[in-house]
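Undergrad: My file is target_24.cif. It has mmCIF, C-alpha atoms:
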data_data
#
loop_
_atom_site.label_atom_id
_atom_site.label_comp_id
_atom_site.auth_asym_id
_atom_site.auth_seq_id
_atom_site.Cartn_x
_atom_site.Cartn_y
_atom_site.Cartn_z
CA MET A 1462 118.07 114.26 103.17
CA ALA A 1463 117.58 116.17 99.93
CA LEU A 1464 114.01 115.19 99.07
CA ARG A 1465 110.45 115.80 100.16
CA PHE A 1466 107.73 113.23 99.52
CA GLU A 1467 104.17 114.46 99.91
CA VAL A 1468 101.26 112.08 99.26
CA ILE A 1469 98.43 114.12 97.70
CA GLY A 1470 95.99 111.36 96.76
CA ARG A 1471 95.19 107.74 97.62
CA PHE A 1472 93.03 104.82 96.66
CA ASN A 1473 93.49 101.99 99.16
CA ARG A 1474 97.19 101.11 98.69
CA ALA A 1475 97.76 103.22 95.57
CA ARG A 1476 99.09 106.70 96.12
CA ALA A 1477 99.92 109.82 94.09
CA ALA A 1478 102.60 112.15 95.42
CA ASN A 1479 104.79 115.15 94.76
CA LEU A 1480 108.43 114.13 95.01
CA THR A 1481 110.62 117.21 95.41
CA LEU A 1482 114.22 116.57 94.36
CA PRO A 1483 117.12 119.06 94.07
CA HIS A 1484 116.56 119.54 90.32
CA PHE A 1485 112.83 118.91 89.85
CA VAL A 1486 109.45 118.44 91.51
CA CYS A 1487 108.17 115.09 90.21
CA GLN A 1488 104.70 113.60 90.25
CA THR A 1489 104.38 109.93 91.12
CA PRO A 1490 103.70 107.22 90.04
CA LEU A 1491 106.47 107.81 87.48
CA PHE A 1492 108.47 105.88 84.92
CA MET A 1493 112.18 106.63 84.39
CA PRO A 1494 113.72 105.92 80.97
CA VAL A 1495 117.22 104.43 81.02
CA GLY A 1496 119.93 106.68 79.58
CA THR A 1497 122.85 104.28 79.82
CA GLN A 1498 125.64 106.61 78.69
CA GLY A 1499 123.98 109.85 79.78
CA THR A 1500 121.62 109.73 76.79
CA ILE A 1501 118.33 108.09 75.87
CA LYS A 1502 119.21 106.48 72.52
CA GLY A 1503 117.80 108.60 69.69
CA LEU A 1504 116.18 111.38 71.75
CA THR A 1505 117.49 114.83 72.65
CA THR A 1506 117.06 116.21 76.17
CA ASN A 1507 114.66 118.82 74.72
CA GLN A 1508 112.48 116.00 73.36
CA LEU A 1509 112.55 114.28 76.77
CA GLU A 1510 111.27 117.48 78.40
CA GLU A 1511 108.68 117.85 75.64
CA ILE A 1512 107.16 114.41 76.38
CA GLY A 1513 107.10 115.06 80.15
CA CYS A 1514 110.06 112.98 81.33
CA GLN A 1515 110.83 113.81 84.97
CA ILE A 1516 113.81 111.60 85.91
CA VAL A 1517 116.41 110.00 83.64
CA LEU A 1518 118.37 106.99 84.87
CA GLY A 1519 122.12 106.83 84.23
CA ASN A 1520 124.26 103.69 84.50
CA THR A 1521 127.19 104.22 86.87
CA TYR A 1522 129.17 101.33 85.37
CA HIS A 1523 129.00 102.65 81.80
CA LEU A 1524 129.62 106.28 82.80
CA ALA A 1525 132.62 105.30 84.95
CA LEU A 1526 134.16 103.49 81.96
CA ARG A 1527 133.40 106.30 79.51
CA PRO A 1528 133.71 109.27 79.80
CA THR A 1529 134.76 108.56 83.49
CA SER A 1530 133.23 110.04 86.62
CA GLU A 1531 136.29 112.26 87.12
CA LEU A 1532 135.73 113.98 83.77
CA ILE A 1533 131.98 114.36 84.43
CA ASP A 1534 132.81 115.95 87.82
CA GLU A 1535 135.39 118.23 86.23
CA LEU A 1536 132.83 119.40 83.66
CA GLY A 1537 130.25 120.28 86.33
CA GLY A 1538 128.36 117.00 86.90
CA LEU A 1539 126.10 114.87 84.72
CA HIS A 1540 123.22 117.40 84.61
CA LYS A 1541 125.47 119.99 82.97
CA PHE A 1542 127.37 117.42 80.88
CA MET A 1543 124.22 116.04 79.20
CA ASN A 1544 122.29 119.35 79.35
CA TRP A 1545 119.43 117.92 81.42
CA PRO A 1546 117.77 120.38 83.84
CA ARG A 1547 115.46 117.86 85.53
CA ALA A 1548 116.16 115.00 87.95
CA LEU A 1549 118.66 112.17 87.52
CA LEU A 1550 119.04 108.78 89.22
CA THR A 1551 122.17 106.64 88.98
CA ASP A 1552 122.31 102.92 89.71
CA SER A 1553 125.20 101.47 91.71
CA GLY A 1554 126.91 99.60 88.88
CA GLY A 1555 126.46 96.24 90.59
CA PHE A 1556 123.77 94.91 88.26
CA GLN A 1557 125.91 95.52 85.16
CA MET A 1558 128.88 93.80 86.79
CA VAL A 1559 126.85 90.64 87.24
CA SER A 1560 124.69 90.73 84.10
CA LEU A 1561 127.18 91.97 81.49
CA LEU A 1562 130.47 90.51 82.60
CA HIS A 1563 131.67 86.96 82.80
CA LEU A 1564 133.60 85.86 85.83
CA ALA A 1565 132.17 88.51 88.15
CA ASP A 1566 133.05 87.36 91.64
CA ILE A 1567 131.21 88.76 94.66
CA THR A 1568 132.98 88.73 98.03
CA GLU A 1569 132.55 90.73 101.24
CA LYS A 1570 134.95 93.36 99.84
CA GLY A 1571 132.89 94.03 96.71
CA VAL A 1572 132.43 92.86 93.14
CA THR A 1573 135.55 91.71 91.27
CA PHE A 1574 135.18 91.67 87.50
CA GLN A 1575 137.29 91.66 84.37
CA SER A 1576 137.93 95.09 82.88
CA PRO A 1577 136.27 95.24 79.44
CA VAL A 1578 139.15 97.53 78.40
CA ASP A 1579 142.21 95.39 79.14
CA GLY A 1580 140.87 92.22 80.79
CA LYS A 1581 142.55 92.95 84.13
CA PRO A 1582 140.65 92.20 87.34
CA MET A 1583 138.90 95.25 88.84
CA LEU A 1584 137.13 95.65 92.17
CA LEU A 1585 133.97 97.70 92.74
CA THR A 1586 133.39 98.24 96.48
CA PRO A 1587 130.38 99.91 98.14
CA GLU A 1588 132.65 102.86 98.94
CA GLU A 1589 133.85 103.25 95.36
CA SER A 1590 130.34 102.97 93.93
CA ILE A 1591 129.22 105.87 96.17
CA GLN A 1592 132.34 107.94 95.38
CA ILE A 1593 131.68 107.54 91.64
CA GLN A 1594 128.01 108.49 92.11
CA ASN A 1595 128.96 111.49 94.26
CA ARG A 1596 131.13 112.73 91.38
CA ILE A 1597 128.38 112.12 88.78
CA GLY A 1598 125.98 114.17 90.92
CA ALA A 1599 122.51 112.58 90.38
CA ASP A 1600 119.56 113.57 92.60
CA ILE A 1601 119.08 109.92 93.66
CA ILE A 1602 121.95 107.44 94.05
CA MET A 1603 121.62 103.72 94.70
CA ALA A 1604 123.46 101.60 97.26
CA LEU A 1605 125.65 98.78 95.97
CA ASP A 1606 123.76 95.57 96.70
CA ASP A 1607 124.54 91.89 96.25
CA VAL A 1608 122.47 91.09 93.18
CA VAL A 1609 121.07 87.59 92.79
CA LYS A 1610 118.52 86.45 90.19
CA THR A 1611 115.17 85.51 91.71
CA THR A 1612 115.30 82.20 89.89
CA ILE A 1613 118.23 81.12 92.15
CA THR A 1614 117.30 79.40 95.41
CA GLY A 1615 119.12 78.16 98.50
CA PRO A 1616 121.69 79.71 100.87
CA ARG A 1617 123.03 82.15 98.23
CA ILE A 1618 119.80 84.23 98.54
CA GLU A 1619 120.21 84.55 102.31
CA GLU A 1620 123.91 85.41 101.97
CA ALA A 1621 123.11 88.16 99.44
CA MET A 1622 120.39 89.68 101.64
CA TYR A 1623 122.62 89.91 104.73
CA ARG A 1624 125.53 91.23 102.65
CA THR A 1625 123.24 93.90 101.16
CA LEU A 1626 122.46 95.06 104.73
CA ARG A 1627 126.15 95.13 105.67
CA TRP A 1628 127.01 97.03 102.50
CA ILE A 1629 124.33 99.70 103.12
CA ASP A 1630 126.24 100.81 106.21
CA ARG A 1631 129.43 101.12 104.15
CA CYS A 1632 127.48 103.12 101.52
CA ILE A 1633 126.06 105.47 104.17
CA ALA A 1634 129.53 106.03 105.67
CA ALA A 1635 131.04 106.74 102.23
CA HIS A 1636 128.27 109.17 101.12
CA LYS A 1637 129.77 112.67 101.20
CA ARG A 1638 126.87 114.68 99.71
CA PRO A 1639 123.74 113.72 101.73
CA ASN A 1640 122.34 117.27 101.49
CA GLU A 1641 122.46 117.21 97.67
CA GLN A 1642 121.99 113.54 96.79
CA ASN A 1643 119.54 110.97 98.16
CA LEU A 1644 120.87 107.48 98.89
CA PHE A 1645 118.24 104.75 98.40
CA GLY A 1646 118.64 101.27 99.89
CA ILE A 1647 117.60 98.15 97.97
CA VAL A 1648 115.43 95.38 99.44
CA GLN A 1649 116.77 91.93 98.51
CA GLY A 1650 115.76 88.43 99.66
CA GLY A 1651 114.64 86.64 96.52
CA LEU A 1652 111.15 85.15 96.68
CA ASP A 1653 111.48 84.31 100.38
CA PRO A 1654 109.00 86.39 102.45
CA VAL A 1655 111.03 85.93 105.66
CA LEU A 1656 114.25 87.21 104.07
CA ARG A 1657 112.42 90.09 102.36
CA ASP A 1658 110.89 91.08 105.70
CA LYS A 1659 114.28 91.02 107.46
CA CYS A 1660 115.81 93.15 104.72
CA VAL A 1661 112.95 95.70 104.78
CA ARG A 1662 113.22 96.04 108.56
CA GLY A 1663 117.00 96.38 108.42
CA LEU A 1664 116.84 99.12 105.78
CA VAL A 1665 113.98 101.01 107.45
CA ASP A 1666 116.06 101.08 110.67
CA ARG A 1667 118.69 103.08 108.70
CA ASN A 1668 116.07 105.80 107.96
CA LEU A 1669 117.03 106.32 104.31
CA PRO A 1670 115.44 108.95 102.00
CA GLY A 1671 113.83 106.21 99.88
CA TYR A 1672 113.73 102.48 99.23
CA ALA A 1673 113.93 100.24 96.16
CA ILE A 1674 112.60 96.72 95.70
CA GLY A 1675 115.38 94.87 93.87
CA GLY A 1676 115.97 91.42 92.44
CA LEU A 1677 112.70 91.23 90.47
CA ALA A 1678 111.85 91.30 86.74
CA GLY A 1679 114.51 88.63 86.23
CA GLY A 1680 112.48 85.66 85.07
CA GLU A 1681 110.38 84.81 88.14
CA ASP A 1682 106.71 83.91 87.59
CA LYS A 1683 104.25 86.81 87.75
CA ASP A 1684 102.45 85.44 90.78
CA SER A 1685 105.68 85.50 92.80
CA PHE A 1686 106.54 88.94 91.36
CA TRP A 1687 103.41 90.75 92.53
CA ARG A 1688 103.43 89.04 95.94
CA VAL A 1689 106.97 90.30 96.67
CA VAL A 1690 105.95 93.82 95.58
CA ALA A 1691 102.79 93.67 97.73
CA GLN A 1692 104.74 92.45 100.77
CA CYS A 1693 107.48 95.08 100.48
CA THR A 1694 105.21 98.07 99.76
CA ALA A 1695 103.05 97.13 102.76
CA ALA A 1696 106.08 97.12 105.07
CA LEU A 1697 107.96 100.17 103.75
CA PRO A 1698 107.35 103.64 105.29
CA GLU A 1699 104.31 105.62 104.12
CA ASP A 1700 106.27 108.87 103.86
CA LYS A 1701 109.12 107.67 101.63
CA PRO A 1702 109.21 106.84 97.89
CA ARG A 1703 109.16 103.17 96.82
CA TYR A 1704 110.96 102.21 93.63
CA VAL A 1705 110.47 98.84 91.87
CA MET A 1706 113.66 98.32 89.88
CA GLY A 1707 113.69 97.02 86.31
CA VAL A 1708 109.92 97.11 85.77
CA GLY A 1709 108.78 98.55 82.44
CA TYR A 1710 105.80 96.63 81.06
CA PRO A 1711 102.77 98.94 81.26
CA LEU A 1712 100.60 96.20 82.83
CA ASP A 1713 103.20 95.59 85.57
CA ILE A 1714 103.38 99.33 86.32
CA VAL A 1715 99.60 99.58 86.71
CA VAL A 1716 99.56 96.54 89.03
CA CYS A 1717 102.53 97.74 91.12
CA SER A 1718 101.00 101.23 91.42
CA ALA A 1719 97.76 99.67 92.68
CA LEU A 1720 99.89 97.88 95.31
CA GLY A 1721 101.51 101.12 96.50
CA ALA A 1722 104.73 101.52 94.46
CA ASP A 1723 105.80 104.92 93.11
CA MET A 1724 108.79 104.65 90.75
CA TYR A 1725 109.90 102.35 87.91
CA ASP A 1726 112.68 102.06 85.34
CA CYS A 1727 113.37 99.79 82.40
CA VAL A 1728 115.06 99.68 78.99
CA TYR A 1729 111.95 97.94 77.58
CA PRO A 1730 110.17 100.89 75.86
CA THR A 1731 113.30 102.00 73.96
CA ARG A 1732 114.75 98.52 73.37
CA THR A 1733 111.48 97.19 71.95
CA ALA A 1734 111.32 100.31 69.74
CA ARG A 1735 114.67 99.37 68.17
CA PHE A 1736 113.11 96.02 67.22
CA GLY A 1737 110.22 97.78 65.49
CA THR A 1738 107.56 97.43 68.20
CA ALA A 1739 105.25 100.22 69.38
CA LEU A 1740 103.37 100.38 72.69
CA VAL A 1741 99.63 100.91 72.26
CA PRO A 1742 96.66 100.65 74.66
CA GLU A 1743 95.85 97.19 73.21
CA GLY A 1744 99.38 95.95 74.01
CA VAL A 1745 101.97 96.13 71.22
CA LEU A 1746 101.99 96.85 67.50
CA LYS A 1747 104.71 95.19 65.42
CA LEU A 1748 105.61 97.66 62.68
CA LYS A 1749 107.84 95.13 60.88
CA HIS A 1750 104.83 93.03 59.86
CA ASN A 1751 103.97 93.13 56.16
CA ALA A 1752 100.40 94.17 57.00
CA MET A 1753 101.84 97.59 57.97
CA ALA A 1754 103.33 98.24 54.51
CA ASN A 1755 100.29 100.12 53.17
CA ASP A 1756 98.57 101.08 56.45
CA THR A 1757 98.06 104.86 56.39
CA ARG A 1758 96.86 105.16 59.99
CA PRO A 1759 99.05 106.55 62.77
CA ILE A 1760 100.55 104.06 65.28
CA ASP A 1761 97.75 104.96 67.71
CA PRO A 1762 94.93 107.21 66.43
CA ALA A 1763 94.20 108.30 70.02
CA CYS A 1764 97.83 109.31 70.76
CA ALA A 1765 98.76 113.00 70.71
CA CYS A 1766 102.51 112.50 70.29
CA MET A 1767 104.51 114.11 67.47
CA VAL A 1768 105.01 110.74 65.76
CA CYS A 1769 101.32 109.81 65.70
CA LYS A 1770 100.40 113.31 64.47
CA ASN A 1771 102.88 113.27 61.58
CA TYR A 1772 103.73 109.75 60.40
CA THR A 1773 101.88 106.68 59.18
CA ARG A 1774 102.42 103.04 60.06
CA ALA A 1775 103.46 102.47 56.43
CA TYR A 1776 106.23 105.08 56.66
CA ILE A 1777 107.58 103.70 59.93
CA HIS A 1778 107.35 100.13 58.55
CA CYS A 1779 109.58 101.28 55.69
CA LEU A 1780 112.17 102.59 58.18
CA VAL A 1781 112.24 100.11 61.06
CA THR A 1782 115.46 98.15 61.49
CA LYS A 1783 116.80 99.69 58.24
CA ASP A 1784 117.14 103.36 59.16
CA ALA A 1785 118.03 105.00 62.50
CA MET A 1786 115.02 107.30 62.09
CA GLY A 1787 112.68 104.32 62.53
CA SER A 1788 113.93 103.46 66.01
CA GLN A 1789 114.09 107.17 66.93
CA LEU A 1790 110.44 107.72 66.03
CA LEU A 1791 109.33 104.57 67.82
CA SER A 1792 111.43 105.39 70.90
CA TYR A 1793 109.81 108.84 71.01
CA HIS A 1794 106.32 107.35 70.74
CA ASN A 1795 106.97 104.57 73.29
CA LEU A 1796 108.40 106.98 75.88
CA TYR A 1797 105.52 109.39 75.26
CA TYR A 1798 103.18 106.45 75.95
CA MET A 1799 104.99 105.69 79.24
CA MET A 1800 104.95 109.34 80.36
CA LYS A 1801 101.24 109.62 79.58
CA LEU A 1802 100.61 106.38 81.51
CA SER A 1803 102.47 107.92 84.50
CA ARG A 1804 100.41 111.14 84.26
CA ASP A 1805 97.15 109.17 83.95
CA LEU A 1806 97.99 107.05 87.01
CA HIS A 1807 98.78 110.19 89.02
CA SER A 1808 95.69 112.16 87.98
CA SER A 1809 93.28 109.21 88.32
CA ILE A 1810 94.43 108.63 91.94
CA VAL A 1811 94.28 112.36 92.80
CA GLU A 1812 90.82 112.71 91.22
CA GLY A 1813 89.42 109.59 92.92
CA ARG A 1814 88.81 107.59 89.74
CA PHE A 1815 91.67 105.10 89.94
CA PRO A 1816 89.51 101.92 89.82
CA LYS A 1817 87.76 103.28 86.70
CA PHE A 1818 91.15 103.99 85.09
CA VAL A 1819 92.39 100.46 85.91
CA CYS A 1820 89.27 98.87 84.43
CA GLU A 1821 89.48 100.93 81.24
CA PHE A 1822 93.19 100.09 80.90
CA LEU A 1823 92.47 96.35 81.30
CA GLN A 1824 89.45 96.43 78.95
CA LYS A 1825 91.60 97.87 76.14
CA MET A 1826 94.40 95.37 76.73
CA PHE A 1827 92.09 92.37 77.26
CA PRO A 1828 88.88 93.10 75.27
CA LYS A 1829 87.73 89.48 75.62
CA GLY A 1830 87.97 89.70 79.41
CA ASN A 1831 90.89 87.27 79.58
CA VAL A 1832 92.74 89.29 82.22
CA PRO A 1833 95.60 87.10 83.58
CA GLU A 1834 94.82 85.42 86.86
CA TRP A 1835 97.85 86.97 88.58
CA VAL A 1836 96.49 90.45 87.77
CA CYS A 1837 93.08 89.52 89.23
CA ASN A 1838 94.74 88.19 92.39
CA ALA A 1839 96.92 91.30 92.76
CA MET A 1840 93.95 93.64 92.28
CA GLU A 1841 92.01 91.73 94.89
CA VAL A 1842 94.79 92.43 97.41
CA ALA A 1843 94.95 96.06 96.21
CA GLY A 1844 91.21 96.39 96.93
CA ILE A 1845 90.26 97.23 93.34
CA ASP A 1846 87.15 95.65 91.86
CA ILE A 1847 87.92 94.67 88.26
CA SER A 1848 85.03 92.22 87.87
CA SER A 1849 83.48 94.40 85.13
CA CYS A 1850 86.46 93.77 82.81
CA CYS A 1851 87.13 90.09 83.63
CA ALA A 1852 85.65 86.99 82.08
CA PRO A 1853 83.85 85.10 84.85
CA PHE A 1854 86.28 82.84 86.68
CA ILE A 1855 87.11 82.46 90.34
CA SER A 1856 90.56 83.73 91.28
CA THR A 1857 92.87 81.36 93.14
CA MET A 1858 92.66 83.63 96.18
CA SER A 1859 88.87 83.36 96.27
CA LYS A 1860 89.15 79.59 95.80
CA THR A 1861 91.54 79.41 98.75
CA MET A 1862 89.13 81.43 100.89
CA GLU A 1863 86.24 79.13 99.88
CA VAL A 1864 88.26 75.99 100.71
CA LYS A 1865 89.11 77.46 104.13
CA SER A 1866 85.48 78.32 104.90
CA ASP A 1867 84.38 74.83 103.76
CA LYS A 1868 86.85 73.33 106.24
CA GLU A 1869 85.53 75.55 108.99
#
As a first step, turn the structure in this file into structure tokens.
TA:
Amino acid sequence: MALRFEVIGRFNRARAANLTLPHFVCQTPLFMPVGTQGTIKGLTTNQLEEIGCQIVLGNTYHLALRPTSELIDELGGLHKFMNWPRALLTDSGGFQMVSLLHLADITEKGVTFQSPVDGKPMLLTPEESIQIQNRIGADIIMALDDVVKTTITGPRIEEAMYRTLRWIDRCIAAHKRPNEQNLFGIVQGGLDPVLRDKCVRGLVDRNLPGYAIGGLAGGEDKDSFWRVVAQCTAALPEDKPRYVMGVGYPLDIVVCSALGADMYDCVYPTRTARFGTALVPEGVLKLKHNAMANDTRPIDPACACMVCKNYTRAYIHCLVTKDAMGSQLLSYHNLYYMMKLSRDLHSSIVEGRFPKFVCEFLQKMFPKGNVPEWVCNAMEVAGIDISSCCAPFISTMSKTMEVKSDKE
């Protein structure tokens, strides 16, 4: 095991920790930007350090295609190749196989897919995924799992969960650098609490360095989403990091952190930047709108980032979708926003003011008090009183409790 996870602050289920990895000591909760090809589109590694980025996520599938894991290994590993001194995490490649490629076929052997280069069938096995990740050299590597969208139901969900457990053993056996790289297992099981529980128990029995909650953020309703997160975080070990995969909306990160999750990744902040949208405490600001054409304010007057200090909404409006500089500036701002959110979550938990932070966050995003019901229900389970920032309505959980007591 090549990590140390030390919880230094708590509020009910929420926790703040120091996560010591081979290349960096990280503070959780933390958000990881996605650097598909070993780069965050439009930002240099110096800029990523500048804004406080702690871990960059690399896509094994894309890196294996170009420039190839063999070349990365030959050139001293991905850290050296992309000139990034801090921590890296690589995914297994399985998600891209299923989401990007037609005719991906999953069998017990692995994932068979059509090569995007010459159209020939290729097979990614658990062993090969780990070998590729061993060559790339990230601090955290992910097991190959059987990925199924949460919107699918029936026997396929159960099959995928059991296969994920069988594949973790093949991943562990193939992992040749356990003292330098940390292999995380991925909890699958769709929206079925029984399957999720079986998968959590199976993975915890393997005593892995950390655990991810997979198969979410794929179109399921928010009520199902937070309940799966709540169930898994409650059952996973206290002394290991918990990573909710594919989650990048600020509201979701605040809710998941309240429920005891530590790590997140998503393309959302940079992808939405390329479409001309900025993240702000009130939600989002669409810089393409004509109203921005003569607006001389910064994106967010309260933001201390380089973009908000130097450029107006009008200037960025002029650039977005027409000039690469527009998406670069917005990507910088959006990732700065996410890094500051991570720091604020960490410090508010350590300093014992997490509920106050949550309420202030929700008040800015929902000034009329129309906080979504799923958020109210999740916060109730997390033991955080948000009544001061909610319009008066009874949550479904409270209603259920009342109905039960009436029956009694």
Undergrad: Distance atom CA of A:Glu1619-atom CA of A:Leu1656, one decimal place?
TA: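 A separation of 6.8 Å between them.
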Undergrad: Just say which residues the PyMOL selection byres ((chain A and resi 1564-1570) around 12) picks in this file, as a PyMOL selection string.
TA: chain A and resi 1555-1563+1571-1577+1580-1589+1605-1609+1617+1620-1621+1623-1628+1631
Undergrad: I need the output of the PyMOL selection byres ((chain A and resi 1736-1749) around 6) for this file as number ranges by chain; which residues are they?
TA: A: 1733-1735, 1750, 1778, 1781, 1795, 1825-1826
Undergrad: Quote the spacing between atom CA of A:Thr1505 and atom CA of A:Val1728 in Å to one decimal place.
TA: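 So the answer is 16.6 Å.
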Undergrad: If we count all atoms listed in the file and set the cut-off at 8 Å, which residues sit around stretch 1529-1535 of chain A, ignoring sequence neighbours fewer than 2 positions away in its own chain? Please answer as a count of residues only.
TA: 13
Undergrad: With all heavy atoms as the target, complete stretch 1704-1712 of chain A and hand it back as an mmCIF file, in the coordinates of the input.
TA:
data_model
loop_
_atom_site.group_PDB
_atom_site.id
_atom_site.type_symbol
_atom_site.label_atom_id
_atom_site.label_comp_id
_atom_site.auth_asym_id
_atom_site.auth_seq_id
_atom_site.Cartn_x
_atom_site.Cartn_y
_atom_site.Cartn_z
ATOM 1 N N TYR A 1704 110.501 102.334 95.019
ATOM 2 C CA TYR A 1704 110.960 102.210 93.630
ATOM 3 C C TYR A 1704 111.124 100.727 93.282
ATOM 4 O O TYR A 1704 111.922 100.037 93.899
ATOM 5 C CB TYR A 1704 112.262 103.015 93.531
ATOM 6 C CG TYR A 1704 113.199 102.757 92.380
ATOM 7 C CD1 TYR A 1704 112.768 102.294 91.140
ATOM 8 C CD2 TYR A 1704 114.569 103.034 92.527
ATOM 9 C CE1 TYR A 1704 113.660 102.092 90.091
ATOM 10 C CE2 TYR A 1704 115.473 102.835 91.490
ATOM 11 C CZ TYR A 1704 115.016 102.364 90.271
ATOM 12 O OH TYR A 1704 115.906 102.170 89.246
ATOM 13 N N VAL A 1705 110.332 100.237 92.318
ATOM 14 C CA VAL A 1705 110.470 98.840 91.870
ATOM 15 C C VAL A 1705 111.425 98.826 90.678
ATOM 16 O O VAL A 1705 111.100 99.335 89.605
ATOM 17 C CB VAL A 1705 109.116 98.191 91.508
ATOM 18 C CG1 VAL A 1705 109.296 96.693 91.256
ATOM 19 C CG2 VAL A 1705 108.098 98.395 92.617
ATOM 20 N N MET A 1706 112.591 98.243 90.872
ATOM 21 C CA MET A 1706 113.660 98.320 89.880
ATOM 22 C C MET A 1706 113.437 97.365 88.704
ATOM 23 O O MET A 1706 113.018 96.229 88.892
ATOM 24 C CB MET A 1706 115.006 98.014 90.536
ATOM 25 C CG MET A 1706 115.328 98.921 91.704
ATOM 26 S SD MET A 1706 116.897 98.527 92.492
ATOM 27 C CE MET A 1706 118.019 99.426 91.392
ATOM 28 N N GLY A 1707 113.702 97.870 87.500
ATOM 29 C CA GLY A 1707 113.690 97.020 86.310
ATOM 30 C C GLY A 1707 112.326 96.677 85.764
ATOM 31 O O GLY A 1707 112.190 95.789 84.931
ATOM 32 N N VAL A 1708 111.289 97.406 86.215
ATOM 33 C CA VAL A 1708 109.920 97.110 85.770
ATOM 34 C C VAL A 1708 109.503 98.130 84.707
ATOM 35 O O VAL A 1708 109.548 99.331 84.956
ATOM 36 C CB VAL A 1708 108.942 97.117 86.958
ATOM 37 C CG1 VAL A 1708 107.495 97.144 86.494
ATOM 38 C CG2 VAL A 1708 109.181 95.877 87.813
ATOM 39 N N GLY A 1709 109.116 97.632 83.523
ATOM 40 C CA GLY A 1709 108.780 98.550 82.440
ATOM 41 C C GLY A 1709 107.593 98.163 81.594
ATOM 42 O O GLY A 1709 107.168 98.930 80.734
ATOM 43 N N TYR A 1710 107.022 96.978 81.808
ATOM 44 C CA TYR A 1710 105.800 96.630 81.060
ATOM 45 C C TYR A 1710 104.648 97.455 81.633
ATOM 46 O O TYR A 1710 104.464 97.508 82.856
ATOM 47 C CB TYR A 1710 105.467 95.139 81.194
ATOM 48 C CG TYR A 1710 106.461 94.208 80.550
ATOM 49 C CD1 TYR A 1710 106.847 93.026 81.171
ATOM 50 C CD2 TYR A 1710 107.012 94.505 79.308
ATOM 51 C CE1 TYR A 1710 107.758 92.164 80.580
ATOM 52 C CE2 TYR A 1710 107.929 93.648 78.709
ATOM 53 C CZ TYR A 1710 108.295 92.480 79.353
ATOM 54 O OH TYR A 1710 109.210 91.628 78.767
ATOM 55 N N PRO A 1711 103.866 98.104 80.763
ATOM 56 C CA PRO A 1711 102.770 98.940 81.260
ATOM 57 C C PRO A 1711 101.838 98.220 82.245
ATOM 58 O O PRO A 1711 101.462 98.786 83.270
ATOM 59 C CB PRO A 1711 102.036 99.348 79.974
ATOM 60 C CG PRO A 1711 103.128 99.373 78.941
ATOM 61 C CD PRO A 1711 104.037 98.226 79.296
ATOM 62 N N LEU A 1712 101.489 96.958 81.943
ATOM 63 C CA LEU A 1712 100.600 96.200 82.830
ATOM 64 C C LEU A 1712 101.214 96.056 84.229
ATOM 65 O O LEU A 1712 100.541 96.236 85.247
ATOM 66 C CB LEU A 1712 100.306 94.817 82.232
ATOM 67 C CG LEU A 1712 99.408 93.888 83.052
ATOM 68 C CD1 LEU A 1712 98.023 94.496 83.283
ATOM 69 C CD2 LEU A 1712 99.277 92.521 82.371
#
